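The next block is coords_9.tsv, given as TSV, C-alpha atoms.
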chain	number	residue	atom	x	y	z
J	96	MET	CA	-14.15	-3.09	-1.96
J	97	SER	CA	-16.85	-4.38	0.37
J	98	GLU	CA	-17.38	-2.02	3.31
J	99	ARG	CA	-19.24	-2.01	6.59
J	100	THR	CA	-19.08	0.49	9.40
J	101	ALA	CA	-20.13	-1.95	12.14
J	102	PRO	CA	-20.82	-5.68	12.32
J	103	THR	CA	-24.52	-6.54	12.39
J	104	ALA	CA	-24.10	-10.31	12.90
J	105	PRO	CA	-21.26	-12.79	13.24
J	106	LEU	CA	-19.40	-12.79	9.97
J	107	ARG	CA	-17.78	-15.65	8.10
J	108	ALA	CA	-14.73	-13.43	7.93
J	109	ARG	CA	-13.88	-9.80	8.52
J	110	ALA	CA	-11.01	-7.42	8.12
J	111	GLU	CA	-11.33	-4.89	10.91
J	112	ILE	CA	-9.75	-1.57	9.95
J	113	ASP	CA	-8.81	0.65	12.89
J	114	LEU	CA	-8.92	4.19	11.55
J	115	ALA	CA	-7.67	5.63	14.84
J	116	ALA	CA	-4.50	3.58	14.37
J	117	LEU	CA	-4.18	4.90	10.84
J	118	ARG	CA	-4.53	8.49	11.98
J	119	ALA	CA	-1.93	7.91	14.70
J	120	ASN	CA	0.41	6.38	12.12
J	121	VAL	CA	0.13	9.44	9.90
J	122	ARG	CA	0.93	11.69	12.83
J	123	ALA	CA	3.94	9.51	13.71
J	124	LEU	CA	5.19	9.66	10.12
J	125	ARG	CA	4.83	13.43	10.09
J	126	ALA	CA	7.04	13.48	13.19
J	127	HIS	CA	9.65	11.35	11.41
J	128	ALA	CA	9.80	13.92	8.60
J	129	PRO	CA	8.98	17.23	10.29
J	130	GLY	CA	10.32	19.37	7.45
J	131	ALA	CA	8.36	17.66	4.69
J	132	ALA	CA	4.74	17.25	3.68
J	133	VAL	CA	3.29	13.72	3.81
J	134	MET	CA	1.69	11.92	0.89
J	135	ALA	CA	-0.40	8.99	2.08
J	136	VAL	CA	-0.30	6.38	-0.67
J	137	VAL	CA	-3.69	4.70	-1.01
J	138	LYS	CA	-3.11	2.67	-4.16
J	139	SER	CA	-4.56	-0.82	-4.51
J	140	GLU	CA	-7.48	0.01	-2.20
J	141	ALA	CA	-5.09	1.44	0.38
J	142	TYR	CA	-3.02	-1.75	0.38
J	143	GLY	CA	-6.19	-3.75	0.88
J	144	HIS	CA	-7.60	-1.58	3.68
J	145	GLY	CA	-10.13	0.45	1.64
J	146	ALA	CA	-9.05	3.53	-0.28
J	147	VAL	CA	-11.76	6.06	0.51
J	148	PRO	CA	-12.10	5.57	4.28
J	149	CYS	CA	-8.32	5.40	4.68
J	150	ALA	CA	-7.77	8.46	2.51
J	151	ARG	CA	-10.25	10.44	4.59
J	152	ALA	CA	-8.57	9.34	7.82
J	153	ALA	CA	-5.10	10.18	6.48
J	154	VAL	CA	-6.18	13.67	5.43
J	155	ALA	CA	-7.83	14.21	8.81
J	156	ALA	CA	-4.50	13.36	10.46
J	157	GLY	CA	-2.53	15.85	8.39
J	158	ALA	CA	-1.54	14.13	5.16
J	159	SER	CA	-1.56	16.98	2.65
J	160	TRP	CA	-1.24	14.72	-0.41
J	161	LEU	CA	-2.77	11.44	-1.51
J	162	GLY	CA	-1.04	9.11	-3.95
J	163	THR	CA	-2.30	6.34	-6.21
J	164	ALA	CA	-0.74	4.21	-8.89
J	165	THR	CA	-3.42	4.37	-11.59
J	166	PRO	CA	-5.41	7.40	-12.73
J	167	GLU	CA	-8.61	5.43	-12.25
J	168	GLU	CA	-7.80	5.08	-8.55
J	169	ALA	CA	-7.19	8.82	-8.26
J	170	LEU	CA	-10.38	9.69	-10.15
J	171	ALA	CA	-12.35	7.44	-7.79
J	172	LEU	CA	-11.02	9.43	-4.82
J	173	ARG	CA	-12.15	12.68	-6.46
J	174	ALA	CA	-15.56	11.18	-7.23
J	175	ALA	CA	-15.86	10.29	-3.54
J	176	GLY	CA	-15.29	13.94	-2.64
J	177	LEU	CA	-11.65	13.83	-1.51
J	178	PRO	CA	-10.23	17.36	-1.83
J	179	GLY	CA	-6.67	18.60	-2.08
J	180	ARG	CA	-3.69	17.25	-3.92
J	181	ILE	CA	-3.87	13.77	-5.44
J	182	MET	CA	-1.08	12.33	-7.57
J	183	CYS	CA	-1.13	9.29	-9.87
J	184	TRP	CA	1.83	7.83	-11.71
J	185	LEU	CA	1.12	4.60	-13.59
J	186	TRP	CA	0.03	5.62	-17.08
J	187	THR	CA	-0.26	3.78	-20.36
J	188	PRO	CA	-0.93	5.28	-23.80
J	189	GLY	CA	-4.51	6.43	-24.26
J	190	GLY	CA	-5.10	6.89	-20.54
J	191	PRO	CA	-7.69	9.33	-19.15
J	192	TRP	CA	-5.46	12.40	-19.32
J	193	ARG	CA	-8.23	14.89	-19.93
J	194	GLU	CA	-10.33	13.50	-17.07
J	195	ALA	CA	-7.29	13.75	-14.80
J	196	ILE	CA	-6.66	17.36	-15.81
J	197	GLU	CA	-10.30	18.31	-15.27
J	198	ALA	CA	-10.20	16.62	-11.83
J	199	ASP	CA	-7.11	18.67	-10.85
J	200	LEU	CA	-4.91	15.64	-10.41
J	201	ASP	CA	-1.12	15.75	-10.49
J	202	VAL	CA	0.04	13.36	-13.20
J	203	SER	CA	3.46	11.81	-13.60
J	204	VAL	CA	5.38	11.90	-16.87
J	205	SER	CA	8.45	9.74	-17.55
J	206	GLY	CA	9.03	10.27	-21.24
J	207	PRO	CA	8.08	11.97	-24.52
J	208	TRP	CA	4.98	9.91	-25.37
J	209	ALA	CA	3.34	10.74	-22.03
J	210	LEU	CA	4.27	14.42	-22.26
J	211	ALA	CA	2.78	14.60	-25.76
J	212	GLU	CA	-0.47	12.97	-24.59
J	213	VAL	CA	-0.89	15.21	-21.56
J	214	VAL	CA	-0.18	18.31	-23.63
J	215	GLY	CA	-2.79	17.23	-26.18
J	216	ALA	CA	-5.32	16.62	-23.41
J	217	ALA	CA	-4.59	20.05	-21.91
J	218	ARG	CA	-5.36	21.67	-25.26
J	219	GLU	CA	-8.65	19.78	-25.45
J	220	ALA	CA	-9.57	20.67	-21.87
J	221	ASP	CA	-8.46	24.28	-22.37
J	222	ARG	CA	-6.72	24.27	-19.00
J	223	PRO	CA	-3.17	23.51	-17.90
J	224	ALA	CA	-2.18	20.11	-16.60
J	225	ARG	CA	-0.33	19.63	-13.33
J	226	VAL	CA	2.67	17.51	-14.27
J	227	GLN	CA	5.42	15.88	-12.23
J	228	LEU	CA	8.53	14.73	-14.07
J	229	LYS	CA	9.83	11.36	-12.89
J	230	ALA	CA	13.56	10.63	-12.94
J	231	ASP	CA	14.99	7.12	-13.11
J	232	THR	CA	17.83	7.49	-10.63
J	233	GLY	CA	18.64	3.79	-10.57
J	234	LEU	CA	15.52	1.73	-9.90
J	235	GLY	CA	15.30	0.83	-13.58
J	236	ARG	CA	11.52	0.87	-13.66
J	237	GLY	CA	9.50	4.00	-14.54
J	238	GLY	CA	11.15	7.37	-14.95
J	239	CYS	CA	13.33	9.20	-17.44
J	240	GLN	CA	16.99	8.31	-17.81
J	241	PRO	CA	19.66	10.87	-16.86
J	242	GLY	CA	21.55	12.71	-19.57
J	243	ASP	CA	20.11	13.53	-22.96
J	244	ASP	CA	16.72	11.92	-22.27
J	245	TRP	CA	16.21	14.04	-19.14
J	246	ALA	CA	17.40	17.16	-20.92
J	247	GLU	CA	14.87	16.60	-23.72
J	248	LEU	CA	12.00	15.93	-21.29
J	249	VAL	CA	12.81	19.05	-19.26
J	250	ARG	CA	13.12	21.16	-22.40
J	251	GLU	CA	9.80	20.02	-23.85
J	252	ALA	CA	8.02	20.38	-20.52
J	253	LEU	CA	9.28	23.95	-20.17
J	254	ARG	CA	8.17	24.71	-23.72
J	255	ALA	CA	4.66	23.45	-22.93
J	256	GLU	CA	4.68	25.40	-19.68
J	257	ALA	CA	5.57	28.58	-21.56
J	258	GLU	CA	2.54	27.96	-23.78
J	259	GLY	CA	0.33	27.69	-20.71
J	260	LEU	CA	-0.44	24.01	-21.30
J	261	LEU	CA	1.04	22.62	-18.11
J	262	ARG	CA	2.64	23.49	-14.83
J	263	VAL	CA	5.61	21.39	-13.64
J	264	THR	CA	4.56	20.87	-10.05
J	265	GLY	CA	7.11	18.27	-9.03
J	266	LEU	CA	10.34	16.40	-9.69
J	267	TRP	CA	10.49	12.92	-8.24
J	268	SER	CA	12.04	9.47	-8.19
J	269	HIS	CA	11.86	6.18	-6.29
J	270	PHE	CA	14.39	4.13	-4.34
J	271	ALA	CA	15.34	0.57	-5.19
J	272	CYS	CA	16.84	-0.56	-1.88
J	273	ALA	CA	15.85	1.89	0.86
J	274	ASP	CA	14.61	-1.09	2.87
J	275	GLU	CA	18.15	-2.52	2.98
J	276	PRO	CA	20.16	-0.43	5.45
J	277	GLY	CA	23.52	0.66	4.09
J	278	HIS	CA	22.92	-0.53	0.54
J	279	PRO	CA	25.30	1.42	-1.72
J	280	SER	CA	22.55	2.22	-4.23
J	281	ILE	CA	20.87	4.52	-1.70
J	282	ALA	CA	23.62	7.15	-1.70
J	283	GLY	CA	24.06	6.67	-5.43
J	284	GLN	CA	20.40	7.35	-6.17
J	285	LEU	CA	20.35	10.38	-3.90
J	286	GLY	CA	23.34	11.81	-5.74
J	287	VAL	CA	21.76	11.24	-9.15
J	288	PHE	CA	18.46	12.73	-7.95
J	289	ARG	CA	20.17	15.89	-6.73
J	290	GLU	CA	21.96	16.21	-10.08
J	291	MET	CA	18.80	15.73	-12.12
J	292	VAL	CA	16.81	18.14	-9.95
J	293	GLY	CA	19.66	20.65	-10.12
J	294	TYR	CA	19.74	20.43	-13.91
J	295	ALA	CA	15.97	20.92	-14.23
J	296	GLU	CA	15.98	23.89	-11.88
J	297	ALA	CA	18.93	25.45	-13.70
J	298	GLN	CA	16.87	25.27	-16.89
J	299	GLY	CA	13.99	27.09	-15.22
J	300	VAL	CA	11.80	24.43	-13.63
J	301	ARG	CA	10.30	25.68	-10.37
J	302	PRO	CA	8.75	22.62	-8.73
J	303	GLU	CA	6.44	22.86	-5.77
J	304	VAL	CA	7.77	19.57	-4.44
J	305	ARG	CA	10.81	17.36	-4.90
J	306	HIS	CA	10.43	13.84	-3.54
J	307	ILE	CA	12.11	10.45	-3.51
J	308	ALA	CA	11.45	9.06	0.00
J	309	ASN	CA	9.18	6.04	0.36
J	310	SER	CA	8.21	4.44	3.69
J	311	PRO	CA	11.65	3.04	4.60
J	312	ALA	CA	13.39	6.25	3.60
J	313	THR	CA	10.88	8.30	5.58
J	314	LEU	CA	11.70	6.26	8.67
J	315	THR	CA	15.48	5.99	8.33
J	316	LEU	CA	16.93	8.47	5.80
J	317	PRO	CA	16.22	12.08	6.80
J	318	GLU	CA	18.60	13.30	4.09
J	319	SER	CA	16.09	11.97	1.52
J	320	HIS	CA	13.03	13.84	2.76
J	321	PHE	CA	13.27	16.96	0.56
J	322	ASP	CA	9.82	18.64	0.33
J	323	LEU	CA	7.54	15.59	0.46
J	324	VAL	CA	7.65	11.98	1.67
J	325	ARG	CA	5.46	9.24	0.21
J	326	THR	CA	4.34	6.81	2.89
J	327	GLY	CA	2.74	3.60	1.71
J	328	ILE	CA	2.92	0.49	3.87
J	329	ALA	CA	3.99	2.44	6.97
J	330	THR	CA	0.69	4.34	6.87
J	331	TYR	CA	-0.99	1.03	7.64
J	332	GLY	CA	1.29	0.29	10.58
J	333	ILE	CA	3.54	-2.29	8.95
J	334	SER	CA	7.31	-2.04	8.94
J	335	PRO	CA	8.75	-1.84	5.41
J	336	SER	CA	11.36	-4.41	6.38
J	337	PRO	CA	12.08	-6.52	9.47
J	338	GLU	CA	15.72	-5.45	9.15
J	339	LEU	CA	14.75	-1.82	9.64
J	340	GLY	CA	12.76	-2.37	12.82
J	341	THR	CA	9.37	-3.30	14.19
J	342	PRO	CA	6.24	-1.19	13.79
J	343	ALA	CA	6.28	-0.38	17.51
J	344	GLY	CA	9.90	0.72	17.23
J	345	PHE	CA	8.82	3.35	14.71
J	346	GLY	CA	5.74	4.38	16.69
J	347	LEU	CA	3.37	2.61	14.31
J	348	ARG	CA	0.44	0.27	14.87
J	349	PRO	CA	-0.97	-2.26	12.38
J	350	VAL	CA	-4.37	-1.12	11.12
J	351	MET	CA	-5.89	-4.39	9.87
J	352	THR	CA	-7.03	-7.37	11.93
J	353	LEU	CA	-8.15	-10.37	9.87
J	354	SER	CA	-10.34	-12.98	11.48
J	355	GLY	CA	-12.90	-15.64	10.70
J	356	SER	CA	-15.54	-17.62	12.58
J	357	LEU	CA	-14.93	-21.33	12.94
J	358	ALA	CA	-17.40	-23.10	10.66
J	359	LEU	CA	-16.94	-26.53	12.26
J	360	VAL	CA	-15.10	-28.24	15.11
J	361	LYS	CA	-14.91	-32.02	15.12
J	362	ARG	CA	-13.04	-34.93	16.67
J	363	VAL	CA	-10.98	-37.17	14.40
J	364	PRO	CA	-8.79	-40.21	15.07
J	365	GLY	CA	-5.06	-40.41	14.62
J	366	GLY	CA	-3.84	-41.08	11.11
J	367	HIS	CA	-6.61	-38.95	9.57
J	368	GLY	CA	-5.63	-37.11	6.38
J	369	VAL	CA	-6.48	-33.43	6.22
J	370	SER	CA	-7.25	-31.31	3.14
J	371	TYR	CA	-6.14	-31.85	-0.46
J	372	GLY	CA	-3.28	-34.24	-1.01
J	373	HIS	CA	-3.24	-35.33	2.65
J	374	ARG	CA	-0.07	-33.31	3.20
J	375	TYR	CA	-1.05	-33.33	6.87
J	376	VAL	CA	-2.01	-36.49	8.75
J	377	THR	CA	-3.09	-36.24	12.38
J	378	PRO	CA	-0.42	-37.71	14.67
J	379	GLY	CA	-3.07	-38.90	17.13
J	380	ALA	CA	-6.68	-38.37	18.11
J	381	THR	CA	-7.38	-34.66	18.01
J	382	THR	CA	-9.88	-31.96	17.12
J	383	LEU	CA	-9.91	-30.02	13.87
J	384	GLY	CA	-11.30	-26.53	13.30
J	385	LEU	CA	-12.51	-25.34	9.92
J	386	VAL	CA	-11.68	-21.70	9.12
J	387	PRO	CA	-13.85	-20.40	6.23
J	388	LEU	CA	-11.13	-18.42	4.46
J	389	GLY	CA	-9.06	-19.57	1.50
J	390	TYR	CA	-6.93	-18.43	-1.36
J	391	ALA	CA	-9.98	-16.91	-3.06
J	392	ASP	CA	-10.03	-14.53	-0.09
J	393	GLY	CA	-6.33	-13.82	-0.41
J	394	ILE	CA	-4.96	-16.38	2.04
J	395	PRO	CA	-1.67	-17.43	0.45
J	396	ARG	CA	-1.58	-21.08	-0.59
J	397	HIS	CA	2.16	-20.88	0.05
J	398	ALA	CA	1.26	-20.70	3.75
J	399	SER	CA	-0.11	-24.24	3.68
J	400	SER	CA	1.07	-26.17	6.76
J	401	ALA	CA	2.72	-22.99	8.01
J	402	GLY	CA	0.30	-20.08	8.50
J	403	PRO	CA	-0.34	-19.20	12.15
J	404	VAL	CA	-3.82	-18.64	13.62
J	405	LEU	CA	-4.90	-17.67	17.14
J	406	VAL	CA	-7.87	-19.66	18.49
J	407	GLU	CA	-8.91	-19.34	22.14
J	408	GLY	CA	-5.60	-17.79	23.13
J	409	LYS	CA	-3.37	-20.41	21.50
J	410	TRP	CA	-1.36	-20.26	18.29
J	411	ARG	CA	-2.40	-22.97	15.87
J	412	THR	CA	-0.87	-23.79	12.52
J	413	ILE	CA	-2.68	-24.50	9.27
J	414	ALA	CA	-2.99	-28.26	8.91
J	415	GLY	CA	-2.32	-29.20	5.30
J	416	ARG	CA	-3.17	-27.23	2.22
J	417	VAL	CA	-5.06	-23.97	2.01
J	418	ALA	CA	-8.06	-24.52	-0.28
J	419	MET	CA	-9.99	-21.96	-2.29
J	420	ASP	CA	-12.50	-21.15	0.44
J	421	GLN	CA	-11.23	-22.75	3.63
J	422	PHE	CA	-8.41	-24.24	5.63
J	423	VAL	CA	-8.10	-26.45	8.70
J	424	VAL	CA	-6.23	-25.99	11.97
J	425	ASP	CA	-5.36	-28.78	14.39
J	426	LEU	CA	-6.83	-27.75	17.76
J	427	GLY	CA	-4.94	-30.42	19.68
J	428	GLY	CA	-8.02	-31.74	21.47
J	429	ASP	CA	-9.47	-28.37	22.43
J	430	GLU	CA	-13.14	-27.93	21.57
J	431	PRO	CA	-14.10	-24.32	20.97
J	432	ALA	CA	-17.66	-23.82	19.82
J	433	ALA	CA	-18.53	-23.36	16.19
J	434	GLY	CA	-18.49	-19.63	15.58
J	435	ALA	CA	-15.46	-19.06	17.82
J	436	GLU	CA	-13.07	-16.44	16.51
J	437	ALA	CA	-9.95	-17.46	14.62
J	438	VAL	CA	-7.56	-14.50	14.30
J	439	LEU	CA	-5.13	-14.77	11.42
J	440	PHE	CA	-3.27	-11.54	12.04
J	441	GLY	CA	-3.54	-8.19	13.78
J	442	PRO	CA	-1.43	-5.79	15.85
J	443	GLY	CA	-0.30	-8.59	18.16
J	444	ASP	CA	-1.79	-7.10	21.33
J	445	ARG	CA	-3.71	-10.25	22.20
J	446	GLY	CA	-0.89	-12.56	21.28
J	447	GLU	CA	-2.22	-13.00	17.76
J	448	PRO	CA	0.11	-13.37	14.77
J	449	THR	CA	0.98	-10.30	12.72
J	450	ALA	CA	1.07	-9.76	8.98
J	451	GLU	CA	4.85	-10.10	9.24
J	452	ASP	CA	4.42	-13.56	10.81
J	453	TRP	CA	2.28	-14.53	7.83
J	454	ALA	CA	4.84	-13.08	5.43
J	455	GLN	CA	7.51	-15.26	7.00
J	456	ALA	CA	5.25	-18.31	6.79
J	457	ALA	CA	4.47	-17.69	3.12
J	458	GLY	CA	7.94	-16.61	2.02
J	459	THR	CA	6.83	-13.15	0.98
J	460	ILE	CA	6.54	-9.61	2.38
J	461	ALA	CA	3.87	-8.16	4.64
J	462	TYR	CA	2.84	-5.73	1.87
J	463	GLU	CA	1.48	-8.69	-0.09
J	464	ILE	CA	-0.28	-10.27	2.88
J	465	VAL	CA	-2.57	-7.29	3.52
J	466	THR	CA	-2.95	-6.14	-0.10
J	467	ARG	CA	-4.14	-9.49	-1.39
J	468	ILE	CA	-7.10	-9.85	1.02
J	469	GLY	CA	-9.99	-10.06	-1.40
J	470	THR	CA	-13.34	-8.39	-1.82
J	471	ARG	CA	-15.28	-11.32	-0.33
J	472	VAL	CA	-13.93	-10.25	3.05
J	473	PRO	CA	-15.93	-7.29	4.40
J	474	ARG	CA	-13.93	-4.35	5.73
J	475	VAL	CA	-15.38	-3.33	9.07
J	476	TYR	CA	-14.30	0.21	10.00
J	477	VAL	CA	-13.87	1.09	13.65
J	478	ASN	CA	-12.92	4.36	15.35
J	479	GLU	CA	-14.11	6.41	12.40
J	480	GLU	CA	-14.59	9.55	14.43
J	481	ARG	CA	-11.61	11.85	14.32
J	482	ASP	CA	-9.63	11.94	17.54
J	483	GLY	CA	-7.91	15.04	18.84
Represent the structure contained in this file as structure tokens.
Amino acid sequence: MSERTAPTAPLRARAEIDLAALRANVRALRAHAPGAAVMAVVKSEAYGHGAVPCARAAVAAGASWLGTATPEEALALRAAGLPGRIMCWLWTPGGPWREAIEADLDVSVSGPWALAEVVGAAREADRPARVQLKADTGLGRGGCQPGDDWAELVREALRAEAEGLLRVTGLWSHFACADEPGHPSIAGQLGVFREMVGYAEAQGVRPEVRHIANSPATLTLPESHFDLVRTGIATYGISPSPELGTPAGFGLRPVMTLSGSLALVKRVPGGHGVSYGHRYVTPGATTLGLVPLGYADGIPRHASSAGPVLVEGKWRTIAGRVAMDQFVVDLGGDEPAAGAEAVLFGPGDRGEPTAEDWAQAAGTIAYEIVTRIGTRVPRVYVNEERDG
């Protein structure tokens, strides 16, 4: 992930990351779940925002856990000097179990093969692993099935714990539809989770944390908070779902502002084709602005002829197809200077579009809009100093 702490010259493009907003979001999320610890999820480079700076800001604001998908992501946080509890959950056979144990990571186990590998790594490292058992309560993705499979996993984990090879630090699961208010699976998964946790504890498991709540559940389902909530997209000030509410309604503020500098402004006649395939033809004499960002930077091609951009206080729309490195906006006769700022999305304070506006334009979710912004776009961190 390309990083800068302050701009030194006008940039082709920049993703400004407001760390004060991130810290405020973490504090707001802690207030939504006052009885639970907060895990700030910083997987996929903190949803495109930059894992290490965002992890540091989240910890400074009171997140007592960090979460990643892959062990490599978690190990990178340790290598950068991040202290405290870090959990990772997306393992494949032959993964870096021993390195994770030696780095004091909490690792997730969903079935026998993973338990066997972590136990073997603990023997090699000559120290116990910190293991969290994942239950599939209905998402149908990772996690151990209820019934006999869960009973076997719990039994074998307790056996390894008795041998001093691991410590079961957590029991956890993940919602399928927490972003859909009233969906019947929510209550169903909570019931299954309570049953599976109850069974494990009856067998002798003494977890430090039990957790199932993701961002939408943190914001709307207090009965799901248990000991720990895992906040992903909400940490970055984006609502998990428009149906749940706006960021401002939850006390959150978007952290990323994506902008570019116009590379060219020119006058063209009516009937002029624009970009590949001429899917846009100017309806009359106008001016065109060239924005030097494209799908190689993470701008969705699906937003062709639809993506909104703020230039000189006015919303413009992408004219024609998004190309690999650039796209065009019709400026309607206005003539901003080359180098003028084109804001693709941000918090919306200046009337600019938001990531949710782009999600609607591209037929996707705001998670994808921010996460896909590529490494060619420098992250410029502002408000790095911790506020009170």
Could you give me, as a PDB file with C-alpha atoms, in the frame of the given file, the residues that have an atom at most 8 Å away from the point (15.6, -2.8, 7.4) in the coordinates of the file, using only C-alpha atoms?
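Final output, saved to selection17.pdb:
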ATOM      1  CA  ASP J 274      14.610  -1.090   2.870  1.00  0.00           C
ATOM      2  CA  GLU J 275      18.150  -2.520   2.980  1.00  0.00           C
ATOM      3  CA  PRO J 276      20.160  -0.430   5.450  1.00  0.00           C
ATOM      4  CA  PRO J 311      11.650   3.040   4.600  1.00  0.00           C
ATOM      5  CA  PRO J 335       8.750  -1.840   5.410  1.00  0.00           C
ATOM      6  CA  SER J 336      11.360  -4.410   6.380  1.00  0.00           C
ATOM      7  CA  PRO J 337      12.080  -6.520   9.470  1.00  0.00           C
ATOM      8  CA  GLU J 338      15.720  -5.450   9.150  1.00  0.00           C
ATOM      9  CA  LEU J 339      14.750  -1.820   9.640  1.00  0.00           C
ATOM     10  CA  GLY J 340      12.760  -2.370  12.820  1.00  0.00           C
TER      11      GLY J 340
END
So for range 159-167 of chain J, what box centre and size do we get, axis-aligned, 6 Å extra on each of the six sides, every listed atom, Å to one decimal, as JSON?
{"center_x": -4.7, "center_y": 10.6, "center_z": -5.0, "size_x": 19.9, "size_y": 24.8, "size_z": 27.4}
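Counting from CA of Asp201 in chain J, the distance to CA of Val226 in chain J is 5.6 Å.
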Compile a residue-level contact table for range 143-210 of chain J against range 251-265 of chain J at a cut-off of 9 Å, reporting for every qualifying residue the shortest atom pair and its distance in Å to one decimal, with all atoms listed in the file counted, rows ordered by chain and ascending number, as CSV.
residue,atom,partner,partner_atom,distance
J:Asp201,CA,J:Thr264,CA,7.7
J:Ser203,CA,J:Gly265,CA,8.7
J:Pro207,CA,J:Glu251,CA,8.3
J:Leu210,CA,J:Ala252,CA,7.3
How would the residues just picked look written out with C-alpha atoms as a PDB file, keeping the file's coordinate frame?
ATOM      1  CA  ASP J 201      -1.120  15.750 -10.490  1.00  0.00           C
ATOM      2  CA  SER J 203       3.460  11.810 -13.600  1.00  0.00           C
ATOM      3  CA  PRO J 207       8.080  11.970 -24.520  1.00  0.00           C
ATOM      4  CA  LEU J 210       4.270  14.420 -22.260  1.00  0.00           C
TER       5      LEU J 210
END
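When only C-alpha atoms are used to compute distances to Val136 in chain J, the closest of the residues J:Glu168, J:Asp221, J:Glu111, J:Glu480 turns out to be J:Glu168.
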Might you pull out every residue within 10 Å of His127 in chain J, with all atoms listed in the file counted and same-chain residues fewer than 3 positions away left off, and present them as a PyMOL selection string? chain J and resi 121-124+130-131+313-317+320+324+345-346
Near-Lys409 in chain J list (12 Å; all atoms listed in the file; drop same-chain fewer than 2 positions) as a PyMOL selection string: chain J and resi 403-407+411-412+424-427+429+431+436-439+445-448
What's the separation between CA of Arg125 in chain J and CA of Ala152 in chain J, in Å to one decimal place? 14.2 Å
Taking (14.6, 6.9, -17.5) in the file's coordinates, which residues come within 12 Å, counting only C-alpha atoms, written as a PyMOL selection string? chain J and resi 204-207+228-248+267-269+287-288+291
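Comparing the minimum interatomic distances between Val202 in chain J and each of J:Trp186, J:Tyr331, J:Tyr462, J:Trp160, counting only C-alpha atoms, we find that J:Trp186 sits nearest.
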Smallest atom-to-atom distance to Ala128 in chain J: which of J:Glu463, J:Asp322, J:Glu197, J:Glu479, using all atoms listed in the file? J:Asp322
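Atom to atom, CA of Pro378 in chain J and CA of Gln421 in chain J stand 21.5 Å apart.
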Kindly output range 128-142 of chain J as a PDB file, in the coordinates of the input, after building N, CA and C atoms.
ATOM      1  N   ALA J 128       9.366  13.025   9.678  1.00  0.00           N
ATOM      2  CA  ALA J 128       9.800  13.920   8.600  1.00  0.00           C
ATOM      3  C   ALA J 128       9.211  15.304   8.843  1.00  0.00           C
ATOM      4  N   PRO J 129       9.644  15.978   9.898  1.00  0.00           N
ATOM      5  CA  PRO J 129       8.980  17.230  10.290  1.00  0.00           C
ATOM      6  C   PRO J 129       9.129  18.359   9.287  1.00  0.00           C
ATOM      7  N   GLY J 130      10.131  18.296   8.424  1.00  0.00           N
ATOM      8  CA  GLY J 130      10.320  19.370   7.450  1.00  0.00           C
ATOM      9  C   GLY J 130       9.661  19.119   6.113  1.00  0.00           C
ATOM     10  N   ALA J 131       8.947  18.028   5.985  1.00  0.00           N
ATOM     11  CA  ALA J 131       8.360  17.660   4.690  1.00  0.00           C
ATOM     12  C   ALA J 131       6.852  17.444   4.830  1.00  0.00           C
ATOM     13  N   ALA J 132       6.145  17.636   3.732  1.00  0.00           N
ATOM     14  CA  ALA J 132       4.740  17.250   3.680  1.00  0.00           C
ATOM     15  C   ALA J 132       4.658  15.732   3.541  1.00  0.00           C
ATOM     16  N   VAL J 133       3.508  15.159   3.898  1.00  0.00           N
ATOM     17  CA  VAL J 133       3.290  13.720   3.810  1.00  0.00           C
ATOM     18  C   VAL J 133       2.267  13.407   2.735  1.00  0.00           C
ATOM     19  N   MET J 134       2.638  12.505   1.838  1.00  0.00           N
ATOM     20  CA  MET J 134       1.690  11.920   0.890  1.00  0.00           C
ATOM     21  C   MET J 134       1.333  10.532   1.388  1.00  0.00           C
ATOM     22  N   ALA J 135       0.073  10.319   1.720  1.00  0.00           N
ATOM     23  CA  ALA J 135      -0.400   8.990   2.080  1.00  0.00           C
ATOM     24  C   ALA J 135      -0.750   8.245   0.793  1.00  0.00           C
ATOM     25  N   VAL J 136      -0.071   7.144   0.558  1.00  0.00           N
ATOM     26  CA  VAL J 136      -0.300   6.380  -0.670  1.00  0.00           C
ATOM     27  C   VAL J 136      -1.434   5.392  -0.407  1.00  0.00           C
ATOM     28  N   VAL J 137      -2.484   5.512  -1.199  1.00  0.00           N
ATOM     29  CA  VAL J 137      -3.690   4.700  -1.010  1.00  0.00           C
ATOM     30  C   VAL J 137      -3.979   3.858  -2.245  1.00  0.00           C
ATOM     31  N   LYS J 138      -2.941   3.524  -2.978  1.00  0.00           N
ATOM     32  CA  LYS J 138      -3.110   2.670  -4.160  1.00  0.00           C
ATOM     33  C   LYS J 138      -3.577   1.272  -3.748  1.00  0.00           C
ATOM     34  N   SER J 139      -4.084   0.542  -4.714  1.00  0.00           N
ATOM     35  CA  SER J 139      -4.560  -0.820  -4.510  1.00  0.00           C
ATOM     36  C   SER J 139      -5.470  -0.911  -3.285  1.00  0.00           C
ATOM     37  N   GLU J 140      -6.515  -0.053  -3.306  1.00  0.00           N
ATOM     38  CA  GLU J 140      -7.480   0.010  -2.200  1.00  0.00           C
ATOM     39  C   GLU J 140      -6.771   0.181  -0.863  1.00  0.00           C
ATOM     40  N   ALA J 141      -5.834   1.141  -0.845  1.00  0.00           N
ATOM     41  CA  ALA J 141      -5.090   1.440   0.380  1.00  0.00           C
ATOM     42  C   ALA J 141      -4.446   0.162   0.925  1.00  0.00           C
ATOM     43  N   TYR J 142      -3.704  -0.506   0.017  1.00  0.00           N
ATOM     44  CA  TYR J 142      -3.020  -1.750   0.380  1.00  0.00           C
ATOM     45  C   TYR J 142      -3.990  -2.754   1.006  1.00  0.00           C
TER      46      TYR J 142
END
